[in-house]
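Structure first, then comments.
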Amino acid sequence: MNQKAHIKLIDTLWLVLIGLTLFSAYMAERAEPGFISVAIMAAVLTIKGRIIVDHFMELKSAHKLLRTLMRVYFYVIPTLIIIVALFPEQIARWTTLS
Amino acid sequence: MSAAVTQDVQTSFSFTTKAKNIPGNLAIWAAILSEMSEFAVMFMVYFLAKVHNPELFYEGPTHLNTTAGTANTLIMLTSSFFVVRAVMAVRHDQLKQAVHWLWGAVACGLLYLTIKYFEYQWNSAQGLDTETNIFYGVYYYVTFNHFLHVGWGSAGLIWVIYRIKTGIYTKTEHEGLINMALYWHMIDLAWITIFPLLYVIR
């Protein structure tokens, strides 16, 4: 990729990140709390994480283990967000010492 | 060590890292993965505290300053963007432009710290502190930890600017800049995770 095309890509991705953040702020202020909004926020986190890991950190074409470790982080945390939203009582029971 | 041997060692090290296609060096990746693990532990604490205190974690975000959280997210993402542009500029031997981009990133870091300081003041005026309840305990523990990272990360960016201005980093030799850029992106990654957890999701 030449410099001009690379700059254009990075500029576009930055705008996408800004847009997703403003969308998140809108959700925080206006959206009805519930599973759907939690799932949307988890998806937004995955997208933002992938953009930064793949393009800003340039891991898209880097060493596979490193790329996988960093990408997995942004699948595991959003998955946990969803699991915690779906099964809070069960997790609370499993993690109660008694 | 003779110059030839030194050259051999350098070439060999450089070859190894390039062959494995790892941006920066292995030391910075050890640091980044350690820090990501540290933040992961904090996120686990958040999840466990949340399932045991659902009401507090439902109410908690509504009393935080969403505007400050959003502004700081925009600032962190923009600082990361500036750092990417700085690295691209150095690769194209545009060192003066690279320094400008990096000063932009430093300004973002300082602005982040300033907003966070006033956010803490604002919280305090609302009667919110570490003792209020477990949600705010987690909030302060995680965000202050991140605050420290932004602080020393900004100092690291200033160090990188100094290295460019003194001619130590060039178009062909700027591994330290790449390391710092990766570290800064890690700080950004931590924040984009913290923001939805503490300010958005209820």
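Letters A, B, ... mark the chains of the structure tokens in the order given; residue numbers begin at 1 per chain; ligand numbers begin at 1, in order shown.
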Listing only residues of chain A within 9 Å of chain B, what is the closest atom pair and its distance in Å (to one decimal) for each, using only C-alpha atoms, sorted by chain and residue number ascending, as CSV?
```
residue,atom,partner,partner_atom,distance
A:Gln3,CA,B:Met88,CA,8.0
A:His6,CA,B:Met88,CA,8.8
A:Ile7,CA,B:Arg85,CA,7.6
A:Ile10,CA,B:Phe81,CA,7.5
A:Asp11,CA,B:Phe81,CA,7.8
A:Leu13,CA,B:Phe81,CA,8.9
A:Trp14,CA,B:Phe81,CA,6.4
A:Leu17,CA,B:Leu77,CA,7.1
A:Ile18,CA,B:Leu74,CA,6.1
A:Thr21,CA,B:Leu74,CA,6.9
A:Leu22,CA,B:Thr70,CA,7.3
A:Ser24,CA,B:Val200,CA,7.0
A:Ala25,CA,B:Thr70,CA,6.2
A:Met27,CA,B:Val200,CA,7.1
A:Ala28,CA,B:Val200,CA,4.5
A:Glu29,CA,B:Thr66,CA,7.8
A:Pro33,CA,B:Arg202,CA,6.2
A:Gly34,CA,B:Arg202,CA,7.7
A:Ser37,CA,B:Ile201,CA,7.7
A:Val38,CA,B:Ile201,CA,6.0
A:Met41,CA,B:Pro196,CA,6.8
A:Ala42,CA,B:Pro196,CA,8.3
A:Leu45,CA,B:Thr193,CA,6.7
A:Lys48,CA,B:Ile192,CA,7.6
A:Gly49,CA,B:Leu189,CA,6.5
A:Ile52,CA,B:His185,CA,7.2
A:Val53,CA,B:His185,CA,8.2
A:His55,CA,B:Val84,CA,9.0
A:Phe56,CA,B:Val84,CA,6.1
A:Met57,CA,B:Leu182,CA,5.9
A:Glu58,CA,B:Pro23,CA,7.4
A:Leu59,CA,B:Pro23,CA,7.5
A:Ser61,CA,B:Asn21,CA,7.9
A:Ala62,CA,B:Asn21,CA,5.1
A:His63,CA,B:Asn21,CA,5.2
A:Lys64,CA,B:Asn21,CA,8.8
A:Leu66,CA,B:Ile22,CA,7.8
A:Leu69,CA,B:Leu33,CA,8.7
A:Met70,CA,B:Leu33,CA,8.4
A:Tyr73,CA,B:Met36,CA,8.6
A:Phe74,CA,B:Thr193,CA,8.7
A:Ile77,CA,B:Phe43,CA,8.1
A:Pro78,CA,B:Thr193,CA,8.9
A:Leu80,CA,B:Phe47,CA,8.0
A:Ile81,CA,B:Phe47,CA,7.8
A:Val84,CA,B:Phe47,CA,6.9
A:Ala85,CA,B:Val51,CA,8.6
A:Phe87,CA,B:Val51,CA,8.6
A:Pro88,CA,B:Val51,CA,4.9
A:Glu89,CA,B:Val51,CA,6.6
A:Gln90,CA,B:Val51,CA,8.8
A:Ile91,CA,B:Val51,CA,6.7
A:Ala92,CA,B:Val51,CA,5.4
A:Arg93,CA,B:His52,CA,8.7
A:Thr95,CA,B:Leu48,CA,7.7
A:Thr96,CA,B:His52,CA,8.6
```
Output the selection as a PDB file, in the first residue's frame - C-alpha atoms for each residue.
```
ATOM      1  CA  GLN A   3       1.653   6.230   1.613  1.00  0.00           C
ATOM      2  CA  HIS A   6      -2.343   4.134   3.879  1.00  0.00           C
ATOM      3  CA  ILE A   7      -3.012   7.635   5.233  1.00  0.00           C
ATOM      4  CA  ILE A  10      -5.882   5.320   8.837  1.00  0.00           C
ATOM      5  CA  ASP A  11      -7.882   8.572   8.617  1.00  0.00           C
ATOM      6  CA  LEU A  13     -10.506   4.158  10.631  1.00  0.00           C
ATOM      7  CA  TRP A  14      -9.982   7.029  13.078  1.00  0.00           C
ATOM      8  CA  LEU A  17     -13.581   4.910  15.973  1.00  0.00           C
ATOM      9  CA  ILE A  18     -14.841   8.427  16.730  1.00  0.00           C
ATOM     10  CA  THR A  21     -17.543   6.292  20.536  1.00  0.00           C
ATOM     11  CA  LEU A  22     -20.235   8.930  19.935  1.00  0.00           C
ATOM     12  CA  SER A  24     -21.670   4.558  22.680  1.00  0.00           C
ATOM     13  CA  ALA A  25     -22.186   7.910  24.417  1.00  0.00           C
ATOM     14  CA  MET A  27     -26.413   4.626  24.125  1.00  0.00           C
ATOM     15  CA  ALA A  28     -25.225   5.556  27.619  1.00  0.00           C
ATOM     16  CA  GLU A  29     -27.521   8.578  27.758  1.00  0.00           C
ATOM     17  CA  PRO A  33     -30.789  -0.524  29.632  1.00  0.00           C
ATOM     18  CA  GLY A  34     -31.149  -4.174  28.712  1.00  0.00           C
ATOM     19  CA  SER A  37     -27.798  -2.499  24.461  1.00  0.00           C
ATOM     20  CA  VAL A  38     -25.232  -4.630  26.341  1.00  0.00           C
ATOM     21  CA  MET A  41     -21.751  -2.332  23.338  1.00  0.00           C
ATOM     22  CA  ALA A  42     -19.891  -5.652  23.397  1.00  0.00           C
ATOM     23  CA  LEU A  45     -15.806  -3.012  21.797  1.00  0.00           C
ATOM     24  CA  LYS A  48     -12.811  -0.902  18.118  1.00  0.00           C
ATOM     25  CA  GLY A  49     -10.306  -3.394  19.521  1.00  0.00           C
ATOM     26  CA  ILE A  52      -6.560  -0.706  16.878  1.00  0.00           C
ATOM     27  CA  VAL A  53      -4.904  -4.132  17.052  1.00  0.00           C
ATOM     28  CA  HIS A  55      -4.243  -1.345  11.890  1.00  0.00           C
ATOM     29  CA  PHE A  56      -2.837   0.971  14.558  1.00  0.00           C
ATOM     30  CA  MET A  57      -0.562  -1.685  16.098  1.00  0.00           C
ATOM     31  CA  GLU A  58      -0.057  -3.192  12.624  1.00  0.00           C
ATOM     32  CA  LEU A  59      -0.634  -6.749  13.810  1.00  0.00           C
ATOM     33  CA  SER A  61       0.115  -9.170   9.029  1.00  0.00           C
ATOM     34  CA  ALA A  62       2.349  -9.752  12.049  1.00  0.00           C
ATOM     35  CA  HIS A  63       3.426 -12.873  13.915  1.00  0.00           C
ATOM     36  CA  LYS A  64       0.427 -15.191  14.264  1.00  0.00           C
ATOM     37  CA  LEU A  66       0.978 -12.202  18.862  1.00  0.00           C
ATOM     38  CA  LEU A  69      -3.366 -13.145  21.583  1.00  0.00           C
ATOM     39  CA  MET A  70      -4.256  -9.515  21.018  1.00  0.00           C
ATOM     40  CA  TYR A  73      -8.613 -10.296  24.149  1.00  0.00           C
ATOM     41  CA  PHE A  74     -11.281  -8.358  22.261  1.00  0.00           C
ATOM     42  CA  ILE A  77     -13.876  -9.510  27.230  1.00  0.00           C
ATOM     43  CA  PRO A  78     -17.004  -8.769  25.117  1.00  0.00           C
ATOM     44  CA  LEU A  80     -17.720 -12.070  29.300  1.00  0.00           C
ATOM     45  CA  ILE A  81     -19.769  -8.851  29.168  1.00  0.00           C
ATOM     46  CA  VAL A  84     -22.403 -11.602  32.878  1.00  0.00           C
ATOM     47  CA  ALA A  85     -25.493  -9.850  31.473  1.00  0.00           C
ATOM     48  CA  PHE A  87     -26.356 -15.206  33.830  1.00  0.00           C
ATOM     49  CA  PRO A  88     -25.542 -12.841  36.716  1.00  0.00           C
ATOM     50  CA  GLU A  89     -27.233 -14.925  39.413  1.00  0.00           C
ATOM     51  CA  GLN A  90     -25.631 -18.207  38.404  1.00  0.00           C
ATOM     52  CA  ILE A  91     -22.161 -16.601  38.302  1.00  0.00           C
ATOM     53  CA  ALA A  92     -22.810 -14.992  41.682  1.00  0.00           C
ATOM     54  CA  ARG A  93     -23.738 -18.421  43.084  1.00  0.00           C
ATOM     55  CA  THR A  95     -18.380 -17.391  43.038  1.00  0.00           C
ATOM     56  CA  THR A  96     -19.844 -17.225  46.529  1.00  0.00           C
TER      57      THR A  96
END
```
Can you list, as a PyMOL selection string, all residues belonging to region 8-77 of chain A that DSSP tags as helix (DSSP H, G or I)?
chain A and resi 8-30+35-56+64-77
One-decimal distance in Å that lies between CA of Arg50 (chain A) and CA of Glu175 (chain B)
23.3 Å
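Going from CA of Leu113 (chain B) to CA of Phe144 (chain B) covers 10.1 Å.
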